[in-house]
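These notes are about the structure you will find just below.
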Amino acid sequence: MNSSLILSLVGIMISLYTIANESKKRNIRFKFSIISYILLILMIGSFFISIIFEGYFKIKQNEMVFDFIGFNLIYSYWYSMLGLLLLILISGYFAYLIFNNKIKKEIEFIKSLRKNFNNDQIGLIIADLDLFFQNLMKKYLPNGRKAEENNTVRILKNEEPLSKSKILKNKIYNLWNTNKIKFSSEFNSLFSDLLKNNLFISKLIKESPYLGAKIINSNIKTRLKKEFVEDFLKELLLDNESVLYTQIKNNQNLYQLSRYRIYSENYLLYALFSNIKIANELEVWKPIGEGAIEYIQNTNNNVEKSFVVDYEEKCFESPVFVAIRFFDIMVKEALVNNFSSTMHLHYYHHFTDNIVKNIEYPDEKKGEFANLYEYYLYVIFDNYRNWIKFIFQNDVDYKISLKRVNNEYEGGNIIKNSIISMTESMDSIANSKIREKFKKYLFNISIKLYCDLMLDFNEQAEKYGQVLLRCVISKINKWDGKNIKLQDVLLNTLEDFDRIPIVFKNNGKDVLEEFENQIQSNS
């Protein structure tokens with residue numbers, strides 16, 4: 001018997017197992033299906049048979065010769081070559097089984113993860129899911145088992161009755177997918193428990209944030225994904241060394257229609273915004289918005305309150321600025337895709353309101369911005385302006401039309417709701433301890449925006465300009481009394497406003513006078 005081939009096979013298999021990563025070694029037993037076992041047994045059996053026959057024919061080699069295309073070959077040589085070929089096949093198949101990312105025994109694999117969960121081995125669970133997650137999702141059924149109850153039971157549950165043919169189809173579906181349904185149920189239970197474990201999200205952010213992006217893009221039940229995203233994004237936002245900060249900073253390039261170019265290498269942003277419906281479905285604005293507000297309300301955030309020189313660099317270390325940029329990316333994607341959702345952009349007003357309540361000034365106010373909070377307020381107003389002018393500047397076929405020229409929210413209309421949010425922010429700023437010079441700096445953006453809408457684009461833009469004016473007037477005439485401070489800041493801003501570029505436009509002088517008269521007439 002040729003022991004060298006047997007030793008070679010054993011050595012190769014041990015070597016392959018040794019160089020595999022820990023997750024693949026740990027879960028190798030779940031990668032073998034019944035077919036895998038049968039194939040390996042057949043190949044290994046054939047391998048040993050070829051070795052036995054090789055030894056047998058070596059004894060008979062003087063007489064056991066056959067002709068192969070003109071060559072006289074002994075049978076022992078033939079079986080030796082067959083053994084070598086089988087050695088290569090077995091080694092290759094074993095390498096495929098150990099190195100691929102396919103799990104064949106999904107239910108047993110999830111039970112193994114459950115055991116790790118019970119032993120608080122969260123790191124092992126993350127490592128294993130990171131490797132096998134995408135393969136597992138191929139067997140995952142988000143809706144699980146389909147209804148089979150008779151209509152009497154469904155009526156008692158206030159559910160719509162099913163036809164007999166539908167019930168029969170559901171029974172066949174459930175029978176055919178028995179293992180998938182069981183696996184999906186086990187996975188949902190484990191994932192739900194992981195979300196309640198404080199270590200899971202923090203370890204995921206540190207060790208495998210890419211798994212988080214996979215989960216966002218997966219077909220896991222929406223309810224579970226929303227729970228995950230709420231914790232995941234908030235933790236990412238409050239950790240300024242997380243991948244969210246890196247990818248926001250690395251994703252500043254603008255391209256067609258002045259939107260951000262979201263590269264697939266920035267996998268988290270790509271997972272969230274490559275399809276804006278995902279961001280809307282998972283309500284990604286909530287953890288980002290609430291996390292930023294929570295940070296602002298922490299009065300120990302001295303960096304934002306101090307004067308800094310390199311504010312355009314320093315801002316990328318702040319949860320507030322990262323949240324502001326996050327919303328900017330999200331809202332522009334919604335605009336370009338004609339998506340009928342405001343993506344809860346009103347969080348910008350909440351950011352503004354909390355900033356002006358918590359802002360403090362250094363003893364010496366110098367530079368364009370006295371501190372980072374002032375810079376954030378400027379970026380917020382600049383983004384308002386860009387969103388509102390977006391569809392006119394870029395010739396976007398925005399299909400969500402303005403229904404009413406008033407100061408009331410219209411669900412889904414980003415342009416109008418941006419105007420309303422901006423005027424609410426103006427109100428907060430006018431009635432705050434922000435230095436007067438900077439108040440006028442921000443209000444100048446709003447007045448210039450009004451003039452642009454009325455003069456530079458089309459009839460639709462003029463209507464949005466009228467919306468802006470009506471929103472400002474409504475803020476001056478508050479239900480609980482006159483908003484004198486807002487009115488004063490507007491009039492003071494108009495005194496110093498650079499009128500020359502406006503009055504040289506057709507009807508420019510009339511537009512400015514109308515705006516000023518409306519503000520003054522509400523004295």
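Following the order of the structure tokens, chains are lettered A, B, ..., residues in each are numbered from 1, and ligands are numbered from 1.
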
- Selection near Ala292 of chain A, 7 Å with only C-alpha atoms, sequence-local residues under 4 positions removed, as a list in words: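 Surrounding residues, per the criterion: Ile288, Ile296, Pro319, Val320 and Ala323 of chain A.
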
Counting only C-alpha atoms, which residues of segment 478-518 of chain A fall within 10 Å of segment 454-471 of chain A, and what is the closest atom pair for each with its distance in Å at one decimal, ordered by chain and rising number, as a Markdown table?
| residue | atom | partner | partner_atom | distance |
| --- | --- | --- | --- | --- |
| A:Ile502 | CA | A:Leu455 | CA | 8.6 |
| A:Lys505 | CA | A:Leu455 | CA | 7.4 |
| A:Asn506 | CA | A:Leu455 | CA | 7.4 |
| A:Asn507 | CA | A:Leu455 | CA | 7.4 |
| A:Gly508 | CA | A:Leu455 | CA | 6.8 |
| A:Val511 | CA | A:Met454 | CA | 7.2 |
| A:Leu512 | CA | A:Met454 | CA | 9.7 |
| A:Glu514 | CA | A:Leu469 | CA | 9.7 |
| A:Phe515 | CA | A:Leu469 | CA | 7.2 |
| A:Gln518 | CA | A:Leu469 | CA | 8.3 |

- Where does DSSP see alpha helix (DSSP H) in segment 441-499 of chain A, if you list the residues as a count of residues only? 46

- Message: Restricting the calculation to only C-alpha atoms: of A:Leu195, A:Ala334, A:Leu141, A:Ile98, which residue gets closest to Tyr173 of chain A?
- Response: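 Ranking A:Leu195, A:Ala334, A:Leu141, A:Ile98 by distance to Tyr173 of chain A, first place goes to A:Leu141.
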
- Neighbours of Leu82 of chain A within 12 Å (only C-alpha atoms; same-chain residues fewer than 6 positions away dropped), as number ranges by chain? A: 5, 43, 46-54, 75-76, 88-89

Expected file: the selected residues, N, CA, C and O atoms, as a PDB file, in the first residue's frame:
ATOM      1  N   LEU A   5       0.883   8.548  -0.127  1.00  0.00           N
ATOM      2  CA  LEU A   5      -0.317   9.274  -0.549  1.00  0.00           C
ATOM      3  C   LEU A   5      -1.271   9.500   0.623  1.00  0.00           C
ATOM      4  O   LEU A   5      -1.885  10.568   0.753  1.00  0.00           O
ATOM      5  N   MET A  43     -15.312   9.625  -2.339  1.00  0.00           N
ATOM      6  CA  MET A  43     -13.981   9.961  -2.851  1.00  0.00           C
ATOM      7  C   MET A  43     -12.881   9.331  -2.003  1.00  0.00           C
ATOM      8  O   MET A  43     -11.901   8.794  -2.532  1.00  0.00           O
ATOM      9  N   SER A  46     -12.870   5.615  -2.697  1.00  0.00           N
ATOM     10  CA  SER A  46     -12.223   5.353  -3.991  1.00  0.00           C
ATOM     11  C   SER A  46     -10.714   5.533  -3.890  1.00  0.00           C
ATOM     12  O   SER A  46      -9.935   4.804  -4.526  1.00  0.00           O
ATOM     13  N   PHE A  47     -10.316   6.513  -3.097  1.00  0.00           N
ATOM     14  CA  PHE A  47      -8.895   6.782  -2.896  1.00  0.00           C
ATOM     15  C   PHE A  47      -8.200   5.558  -2.295  1.00  0.00           C
ATOM     16  O   PHE A  47      -7.155   5.108  -2.784  1.00  0.00           O
ATOM     17  N   PHE A  48      -8.781   5.006  -1.239  1.00  0.00           N
ATOM     18  CA  PHE A  48      -8.174   3.833  -0.594  1.00  0.00           C
ATOM     19  C   PHE A  48      -8.229   2.599  -1.504  1.00  0.00           C
ATOM     20  O   PHE A  48      -7.294   1.791  -1.521  1.00  0.00           O
ATOM     21  N   ILE A  49      -9.310   2.462  -2.262  1.00  0.00           N
ATOM     22  CA  ILE A  49      -9.409   1.334  -3.199  1.00  0.00           C
ATOM     23  C   ILE A  49      -8.308   1.418  -4.255  1.00  0.00           C
ATOM     24  O   ILE A  49      -7.669   0.422  -4.608  1.00  0.00           O
ATOM     25  N   SER A  50      -8.067   2.654  -4.758  1.00  0.00           N
ATOM     26  CA  SER A  50      -7.022   2.817  -5.778  1.00  0.00           C
ATOM     27  C   SER A  50      -5.652   2.469  -5.211  1.00  0.00           C
ATOM     28  O   SER A  50      -4.805   1.881  -5.904  1.00  0.00           O
ATOM     29  N   ILE A  51      -5.420   2.815  -3.933  1.00  0.00           N
ATOM     30  CA  ILE A  51      -4.133   2.495  -3.298  1.00  0.00           C
ATOM     31  C   ILE A  51      -3.985   0.976  -3.122  1.00  0.00           C
ATOM     32  O   ILE A  51      -2.915   0.398  -3.359  1.00  0.00           O
ATOM     33  N   ILE A  52      -5.094   0.342  -2.709  1.00  0.00           N
ATOM     34  CA  ILE A  52      -5.068  -1.121  -2.533  1.00  0.00           C
ATOM     35  C   ILE A  52      -4.778  -1.805  -3.867  1.00  0.00           C
ATOM     36  O   ILE A  52      -3.935  -2.717  -3.957  1.00  0.00           O
ATOM     37  N   PHE A  53      -5.476  -1.359  -4.933  1.00  0.00           N
ATOM     38  CA  PHE A  53      -5.260  -1.973  -6.249  1.00  0.00           C
ATOM     39  C   PHE A  53      -3.861  -1.686  -6.784  1.00  0.00           C
ATOM     40  O   PHE A  53      -3.274  -2.522  -7.472  1.00  0.00           O
ATOM     41  N   GLU A  54      -3.339  -0.507  -6.459  1.00  0.00           N
ATOM     42  CA  GLU A  54      -1.970  -0.189  -6.884  1.00  0.00           C
ATOM     43  C   GLU A  54      -0.990  -1.183  -6.285  1.00  0.00           C
ATOM     44  O   GLU A  54      -0.106  -1.728  -6.974  1.00  0.00           O
ATOM     45  N   TYR A  75      -0.619  -1.640 -14.784  1.00  0.00           N
ATOM     46  CA  TYR A  75      -1.830  -1.287 -14.054  1.00  0.00           C
ATOM     47  C   TYR A  75      -1.519  -0.560 -12.748  1.00  0.00           C
ATOM     48  O   TYR A  75      -2.285   0.314 -12.309  1.00  0.00           O
ATOM     49  N   SER A  76      -0.427  -0.915 -12.125  1.00  0.00           N
ATOM     50  CA  SER A  76      -0.088  -0.259 -10.855  1.00  0.00           C
ATOM     51  C   SER A  76       0.170   1.240 -11.077  1.00  0.00           C
ATOM     52  O   SER A  76      -0.179   2.080 -10.250  1.00  0.00           O
ATOM     53  N   ILE A  88      -5.965  14.941  -5.105  1.00  0.00           N
ATOM     54  CA  ILE A  88      -6.176  16.348  -5.494  1.00  0.00           C
ATOM     55  C   ILE A  88      -7.650  16.728  -5.350  1.00  0.00           C
ATOM     56  O   ILE A  88      -7.985  17.806  -4.825  1.00  0.00           O
ATOM     57  N   LEU A  89      -8.560  15.845  -5.785  1.00  0.00           N
ATOM     58  CA  LEU A  89      -9.997  16.124  -5.701  1.00  0.00           C
ATOM     59  C   LEU A  89     -10.465  16.246  -4.253  1.00  0.00           C
ATOM     60  O   LEU A  89     -11.214  17.164  -3.900  1.00  0.00           O
TER      61      LEU A  89
END

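In terms of minimum interatomic distance to Asp231 of chain A, A:Glu283 ranks closest within A:Lys180, A:Tyr260, A:Ile107, A:Glu283, counting only C-alpha atoms.
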
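Separating atom CA of Phe30 of chain A from atom CA of Lys146 of chain A is a distance of 27.5 Å.
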
- Query: Between A:Glu313, A:Asn143, A:Asn280, A:Asn174, which one has atoms that come closest to Asn219 of chain A, using only C-alpha atoms?
  - Reply: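 When distances to Asn219 of chain A are compared using only C-alpha atoms, the smallest one comes from A:Asn143.
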
Surrounding residues of Asn517 of chain A excluding itself and chain neighbours under 6 positions, 12 Å, only C-alpha atoms, as a short mmCIF file (atom, residue, chain, number, x, y, z; two decimals) with N, CA and C atoms, in the first residue's frame:
data_model
loop_
_atom_site.label_atom_id
_atom_site.label_comp_id
_atom_site.auth_asym_id
_atom_site.auth_seq_id
_atom_site.Cartn_x
_atom_site.Cartn_y
_atom_site.Cartn_z
N LEU A 469 -42.29 84.48 2.80
CA LEU A 469 -42.75 85.75 3.39
C LEU A 469 -43.90 85.51 4.37
N ILE A 473 -44.04 86.40 8.39
CA ILE A 473 -45.11 87.25 8.96
C ILE A 473 -45.85 86.50 10.07
N GLN A 487 -38.99 90.74 14.53
CA GLN A 487 -39.22 91.88 13.65
C GLN A 487 -38.03 92.85 13.67
N LEU A 490 -35.01 91.46 11.75
CA LEU A 490 -35.26 91.54 10.31
C LEU A 490 -35.06 92.97 9.79
N LEU A 491 -35.61 93.95 10.50
CA LEU A 491 -35.48 95.34 10.07
C LEU A 491 -34.04 95.82 10.16
N LEU A 494 -32.20 94.39 7.23
CA LEU A 494 -32.54 95.10 6.00
C LEU A 494 -31.80 96.42 5.88
N ASP A 510 -38.87 96.46 -6.38
CA ASP A 510 -40.24 96.24 -5.91
C ASP A 510 -40.31 95.06 -4.94
N VAL A 511 -39.57 94.00 -5.26
CA VAL A 511 -39.57 92.81 -4.40
C VAL A 511 -39.02 93.14 -3.02
N SER A 523 -45.92 96.08 12.54
CA SER A 523 -45.42 96.68 13.78
C SER A 523 -46.55 96.85 14.78
#

- Contact residues around Lys286 of chain A with only C-alpha atoms at 9 Å, ignoring same-chain residues under 2 positions, as JSON, numbers by chain: {"A": [230, 234, 283, 284, 288, 289, 290, 291, 344, 347]}

What's the 10 Å shell around Leu282 of chain A, counting only C-alpha atoms, without same-chain residues fewer than 3 positions away, as a short mmCIF file (atom, residue, chain, number, x, y, z; two decimals) with N, CA, C and O atoms, in the first residue's frame?
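Saved result, around_8.cif, follows:
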data_model
loop_
_atom_site.label_atom_id
_atom_site.label_comp_id
_atom_site.auth_asym_id
_atom_site.auth_seq_id
_atom_site.Cartn_x
_atom_site.Cartn_y
_atom_site.Cartn_z
N ILE A 216 -28.46 46.30 7.75
CA ILE A 216 -29.32 47.36 7.19
C ILE A 216 -29.82 46.97 5.80
O ILE A 216 -30.98 47.23 5.45
N THR A 222 -38.59 44.23 9.27
CA THR A 222 -38.43 45.68 9.40
C THR A 222 -38.47 46.12 10.85
O THR A 222 -37.69 46.99 11.27
N ARG A 223 -39.35 45.53 11.64
CA ARG A 223 -39.45 45.91 13.05
C ARG A 223 -38.12 45.69 13.78
O ARG A 223 -37.66 46.55 14.54
N LEU A 224 -37.49 44.56 13.51
CA LEU A 224 -36.21 44.26 14.17
C LEU A 224 -35.10 45.17 13.64
O LEU A 224 -34.24 45.63 14.40
N LYS A 225 -35.13 45.44 12.34
CA LYS A 225 -34.10 46.32 11.75
C LYS A 225 -34.22 47.73 12.32
O LYS A 225 -33.21 48.40 12.56
N LYS A 226 -35.44 48.21 12.51
CA LYS A 226 -35.64 49.56 13.06
C LYS A 226 -35.08 49.65 14.48
O LYS A 226 -34.44 50.64 14.85
N GLU A 227 -35.33 48.60 15.25
CA GLU A 227 -34.77 48.57 16.61
C GLU A 227 -33.25 48.59 16.56
O GLU A 227 -32.59 49.30 17.33
N PHE A 228 -32.70 47.81 15.65
CA PHE A 228 -31.25 47.74 15.51
C PHE A 228 -30.67 49.09 15.10
O PHE A 228 -29.71 49.60 15.69
N VAL A 229 -31.25 49.69 14.04
CA VAL A 229 -30.74 50.95 13.51
C VAL A 229 -30.81 52.05 14.55
O VAL A 229 -29.90 52.89 14.65
N GLU A 230 -31.85 52.07 15.34
CA GLU A 230 -32.00 53.12 16.37
C GLU A 230 -30.83 53.08 17.35
O GLU A 230 -30.24 54.12 17.67
N LEU A 272 -27.28 52.95 3.68
CA LEU A 272 -28.40 53.80 4.12
C LEU A 272 -29.05 54.57 2.98
O LEU A 272 -30.27 54.74 2.96
N LYS A 277 -35.46 54.76 0.03
CA LYS A 277 -36.61 54.12 0.69
C LYS A 277 -36.18 53.38 1.96
O LYS A 277 -36.95 53.29 2.92
N ILE A 278 -34.96 52.85 1.95
CA ILE A 278 -34.45 52.13 3.13
C ILE A 278 -34.32 53.10 4.30
O ILE A 278 -34.74 52.81 5.42
N ALA A 279 -33.72 54.27 4.03
CA ALA A 279 -33.55 55.28 5.09
C ALA A 279 -34.89 55.70 5.65
O ALA A 279 -35.05 55.88 6.87
N TRP A 285 -33.45 59.07 10.65
CA TRP A 285 -33.32 60.42 11.20
C TRP A 285 -33.46 60.45 12.72
O TRP A 285 -32.88 61.31 13.38
N LYS A 286 -34.22 59.52 13.28
CA LYS A 286 -34.52 59.58 14.71
C LYS A 286 -33.29 59.40 15.58
O LYS A 286 -33.01 60.25 16.44
#

- Query: Which residues come within 12 Å of Tyr210 of chain A, counting only C-alpha atoms, excluding same-chain residues fewer than 2 positions away, as a PyMOL selection string?
  - Reply: chain A and resi 126-127+129-131+133-134+204-208+212-217+232+242-244+264-271

- As a check of understanding: the span from atom CA of Ile359 of chain A to atom CA of Glu408 of chain A is 29.7 Å

- Length of the atom CA of Ser184 of chain A to atom CA of Asn101 of chain A vector [Å]: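 Straight-line distance from atom CA of Ser184 of chain A to atom CA of Asn101 of chain A works out to 18.6 Å.
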
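Shortest separation to Lys24 of chain A among A:Phe326, A:Phe504, A:Phe99, A:Phe339 occurs at residue A:Phe99, atoms counted being only C-alpha atoms.
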
- Item | DSSP strand (DSSP E) residues within segment 20-243 of chain A, listed as a ChimeraX atom specification | /A:65-68,71-74

- Message: Measuring between only C-alpha atoms, which one of A:Ile28, A:Val331, A:Leu453, A:Ile276 shows the shortest distance to Glu108 of chain A?
- Response: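 Residue with the minimum atom-to-atom distance to Glu108 of chain A: A:Ile28.
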
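Distance annotation: of A:Gly83, A:Ile293, A:Glu186, A:Asn417, the residue with the minimal separation from Asn354 of chain A is A:Ile293; atom set is only C-alpha atoms.
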